[in-house]
Amino acid sequence: MIGDLLDDAPLSAAANHGDTRGDVGARARQAALALELATRIVWVNWEQVPTPALAVQMALASHLNPTAVVRLSRDPVSDLHSAATHEGEILERAGWVHALNGEHDPYMRDNRVMTLRHEQLRPFHPARLSAALDRLDAGAAGRLVRSAGFCRLASRPGILARWEHVGSAMWIEPLGTDDGRMGMGQEIVFTGLDLSAPKLAHVLDHAALTDDELAAGPSAWLAFDDPLPAWPAVDSSIPDATD
């Protein structure tokens, strides 16, 4: 399971340009979504897995989807027939949504598995963010498995972006333009193994604007070195986060 979440492979090597199934990490993204949207997560052949590794897997799944029933299987056919239905918004099952709402309470826990919420009022400097992402992928704050939330890039002012990461794959995609009432900075949830909250905050805060950069204003931000992928044109309205 953890291997799937860290897989850099696309879902389809033959996908056309613009088809997200051909993205680096698309297979891991699909695995994360499958866990986050499930009503029941069941382990088969679990007897072959060492107990400490099994505990980590189950806790990680529970952190990614606190509302799912997480259990060991003894009869896969019975598991399918007894699968429970779930009422309510699908996206509300995801652990990162629970964490943003201050309601993250996974049923299964393990000392190695942690979910952290990062907030920063200042937008990211794009070049420093790119370097920060490389540091985090190299393990500067532990083994990040999944992160999601909302962010802003100083070099692209007035645009709220969706932050999504699985394994070593990263997507920062525009949601739309706004008048700033959605907040200036970042609100991102990170889930992973052996995470260090102080180190994670240090790396991310270093990527945010300094006092002098913030005071310089948006006209100066447009001149920042921006190595991140270009965005398509965005709509002038922000969609609902559950759309």
# chains A, B, ... in the order shown; residues from 1 in each chain; ligands from 1
>>> residues_around(residues="stretch 225-231 of chain A", least_positions_apart="5", cutoff="8 Å", atoms="only C-alpha atoms", output="list in words")
Pro126, Ala127, Ser130, Ser155, Glu173 and Pro174 of chain A
>>> closest_atom_pairs(of="stretch 90-173 of chain A", to="stretch 209-217 of chain A", cutoff="10 Å", atoms="only C-alpha atoms", output="tab-separated table")
residue	atom	partner	partner_atom	distance
A:Leu121	CA	A:Leu209	CA	9.6
A:Arg122	CA	A:Leu209	CA	6.0
A:Pro123	CA	A:Leu209	CA	6.2
A:Phe124	CA	A:Leu209	CA	6.0
A:His125	CA	A:Leu209	CA	5.7
A:Pro126	CA	A:Leu209	CA	9.5
A:Arg128	CA	A:Leu209	CA	9.2
A:Leu153	CA	A:Leu209	CA	9.7
A:Ala154	CA	A:Leu209	CA	7.8
A:Pro157	CA	A:Gly217	CA	9.8
>>> closest_residue(among="A:Asp137, A:Ala68, A:Gly185, A:Met1", to="A:Val49", atoms="only C-alpha atoms")
A:Met1
>>> atom_distance(atom1="atom CA of A:Glu187", atom2="atom CA of A:Arg162")
9.9 Å
>>> atom_distance(atom1="atom CA of A:Ala59", atom2="atom CA of A:Leu136")
21.7 Å
>>> residues_around(residues="stretch 30-33 of chain A", least_positions_apart="4", cutoff="7 Å", atoms="only C-alpha atoms", output="VMD selection string")
chain A and resid 4 to 5 26 37
>>> select_by_dssp(residues="stretch 140-235 of chain A", states="alpha helix (DSSP H)", output="number ranges by chain")
A: 197-206, 211-216, 218-221
>>> residues_around(residues="stretch 55-58 of chain A", least_positions_apart="5", cutoff="8 Å", atoms="only C-alpha atoms", output="list of chain:residue names")
A:Met1, A:Ile2, A:Val70, A:Met108, A:Arg109, A:Asp110, A:Arg112, A:Val113
>>> closest_residue(among="A:Leu129, A:Ile159, A:Ala61, A:Leu80", to="A:Phe224", atoms="only C-alpha atoms")
A:Leu129
>>> decode(residues="stretch 188-209 of chain A", atoms="N, CA, C and O atoms", output="PDB file, in the first residue's frame")
ATOM      1  N   ILE A 188      -2.248  24.066   4.572  1.00  0.00           N
ATOM      2  CA  ILE A 188      -1.913  22.780   3.959  1.00  0.00           C
ATOM      3  C   ILE A 188      -1.800  21.720   5.050  1.00  0.00           C
ATOM      4  O   ILE A 188      -1.251  21.982   6.126  1.00  0.00           O
ATOM      5  N   VAL A 189      -2.274  20.514   4.742  1.00  0.00           N
ATOM      6  CA  VAL A 189      -2.208  19.389   5.678  1.00  0.00           C
ATOM      7  C   VAL A 189      -1.239  18.352   5.122  1.00  0.00           C
ATOM      8  O   VAL A 189      -1.311  17.981   3.951  1.00  0.00           O
ATOM      9  N   PHE A 190      -0.332  17.879   5.993  1.00  0.00           N
ATOM     10  CA  PHE A 190       0.687  16.907   5.613  1.00  0.00           C
ATOM     11  C   PHE A 190       0.504  15.632   6.425  1.00  0.00           C
ATOM     12  O   PHE A 190       0.343  15.681   7.645  1.00  0.00           O
ATOM     13  N   THR A 191       0.553  14.493   5.749  1.00  0.00           N
ATOM     14  CA  THR A 191       0.506  13.193   6.417  1.00  0.00           C
ATOM     15  C   THR A 191       1.723  12.388   5.978  1.00  0.00           C
ATOM     16  O   THR A 191       2.073  12.364   4.787  1.00  0.00           O
ATOM     17  N   GLY A 192       2.379  11.737   6.933  1.00  0.00           N
ATOM     18  CA  GLY A 192       3.556  10.961   6.579  1.00  0.00           C
ATOM     19  C   GLY A 192       4.073  10.143   7.735  1.00  0.00           C
ATOM     20  O   GLY A 192       3.413   9.983   8.763  1.00  0.00           O
ATOM     21  N   LEU A 193       5.275   9.618   7.544  1.00  0.00           N
ATOM     22  CA  LEU A 193       5.908   8.740   8.514  1.00  0.00           C
ATOM     23  C   LEU A 193       7.107   9.441   9.145  1.00  0.00           C
ATOM     24  O   LEU A 193       7.912  10.060   8.441  1.00  0.00           O
ATOM     25  N   ASP A 194       7.215   9.328  10.466  1.00  0.00           N
ATOM     26  CA  ASP A 194       8.355   9.871  11.216  1.00  0.00           C
ATOM     27  C   ASP A 194       8.551  11.359  10.937  1.00  0.00           C
ATOM     28  O   ASP A 194       9.672  11.839  10.755  1.00  0.00           O
ATOM     29  N   LEU A 195       7.462  12.117  10.897  1.00  0.00           N
ATOM     30  CA  LEU A 195       7.533  13.535  10.587  1.00  0.00           C
ATOM     31  C   LEU A 195       8.018  14.351  11.787  1.00  0.00           C
ATOM     32  O   LEU A 195       7.758  14.012  12.932  1.00  0.00           O
ATOM     33  N   SER A 196       8.710  15.442  11.471  1.00  0.00           N
ATOM     34  CA  SER A 196       9.122  16.416  12.479  1.00  0.00           C
ATOM     35  C   SER A 196       8.385  17.711  12.216  1.00  0.00           C
ATOM     36  O   SER A 196       8.623  18.377  11.194  1.00  0.00           O
ATOM     37  N   ALA A 197       7.473  18.079  13.123  1.00  0.00           N
ATOM     38  CA  ALA A 197       6.706  19.310  12.945  1.00  0.00           C
ATOM     39  C   ALA A 197       7.605  20.546  12.886  1.00  0.00           C
ATOM     40  O   ALA A 197       7.411  21.410  12.016  1.00  0.00           O
ATOM     41  N   PRO A 198       8.611  20.697  13.774  1.00  0.00           N
ATOM     42  CA  PRO A 198       9.474  21.884  13.691  1.00  0.00           C
ATOM     43  C   PRO A 198      10.254  21.962  12.383  1.00  0.00           C
ATOM     44  O   PRO A 198      10.393  23.039  11.797  1.00  0.00           O
ATOM     45  N   LYS A 199      10.770  20.838  11.906  1.00  0.00           N
ATOM     46  CA  LYS A 199      11.547  20.856  10.661  1.00  0.00           C
ATOM     47  C   LYS A 199      10.649  21.168   9.466  1.00  0.00           C
ATOM     48  O   LYS A 199      11.048  21.910   8.566  1.00  0.00           O
ATOM     49  N   LEU A 200       9.454  20.612   9.457  1.00  0.00           N
ATOM     50  CA  LEU A 200       8.529  20.893   8.366  1.00  0.00           C
ATOM     51  C   LEU A 200       8.184  22.379   8.335  1.00  0.00           C
ATOM     52  O   LEU A 200       8.211  23.021   7.270  1.00  0.00           O
ATOM     53  N   ALA A 201       7.855  22.942   9.487  1.00  0.00           N
ATOM     54  CA  ALA A 201       7.523  24.364   9.555  1.00  0.00           C
ATOM     55  C   ALA A 201       8.709  25.230   9.141  1.00  0.00           C
ATOM     56  O   ALA A 201       8.535  26.245   8.448  1.00  0.00           O
ATOM     57  N   HIS A 202       9.910  24.848   9.546  1.00  0.00           N
ATOM     58  CA  HIS A 202      11.107  25.625   9.204  1.00  0.00           C
ATOM     59  C   HIS A 202      11.311  25.670   7.693  1.00  0.00           C
ATOM     60  O   HIS A 202      11.560  26.744   7.119  1.00  0.00           O
ATOM     61  N   VAL A 203      11.205  24.524   7.038  1.00  0.00           N
ATOM     62  CA  VAL A 203      11.416  24.470   5.586  1.00  0.00           C
ATOM     63  C   VAL A 203      10.370  25.292   4.852  1.00  0.00           C
ATOM     64  O   VAL A 203      10.683  26.065   3.937  1.00  0.00           O
ATOM     65  N   LEU A 204       9.110  25.159   5.254  1.00  0.00           N
ATOM     66  CA  LEU A 204       8.041  25.865   4.564  1.00  0.00           C
ATOM     67  C   LEU A 204       8.059  27.367   4.862  1.00  0.00           C
ATOM     68  O   LEU A 204       7.819  28.191   3.967  1.00  0.00           O
ATOM     69  N   ASP A 205       8.336  27.736   6.106  1.00  0.00           N
ATOM     70  CA  ASP A 205       8.377  29.162   6.447  1.00  0.00           C
ATOM     71  C   ASP A 205       9.521  29.870   5.727  1.00  0.00           C
ATOM     72  O   ASP A 205       9.403  31.055   5.372  1.00  0.00           O
ATOM     73  N   HIS A 206      10.624  29.173   5.505  1.00  0.00           N
ATOM     74  CA  HIS A 206      11.745  29.761   4.782  1.00  0.00           C
ATOM     75  C   HIS A 206      11.368  30.062   3.334  1.00  0.00           C
ATOM     76  O   HIS A 206      11.945  30.961   2.706  1.00  0.00           O
ATOM     77  N   ALA A 207      10.390  29.324   2.799  1.00  0.00           N
ATOM     78  CA  ALA A 207       9.949  29.542   1.421  1.00  0.00           C
ATOM     79  C   ALA A 207       8.957  30.691   1.303  1.00  0.00           C
ATOM     80  O   ALA A 207       8.643  31.129   0.186  1.00  0.00           O
ATOM     81  N   ALA A 208       8.443  31.193   2.426  1.00  0.00           N
ATOM     82  CA  ALA A 208       7.495  32.311   2.404  1.00  0.00           C
ATOM     83  C   ALA A 208       8.239  33.634   2.254  1.00  0.00           C
ATOM     84  O   ALA A 208       9.462  33.716   2.436  1.00  0.00           O
ATOM     85  N   LEU A 209       7.532  34.688   1.902  1.00  0.00           N
ATOM     86  CA  LEU A 209       8.148  35.993   1.714  1.00  0.00           C
ATOM     87  C   LEU A 209       8.738  36.527   3.012  1.00  0.00           C
ATOM     88  O   LEU A 209       8.174  36.348   4.089  1.00  0.00           O
TER      89      LEU A 209
END
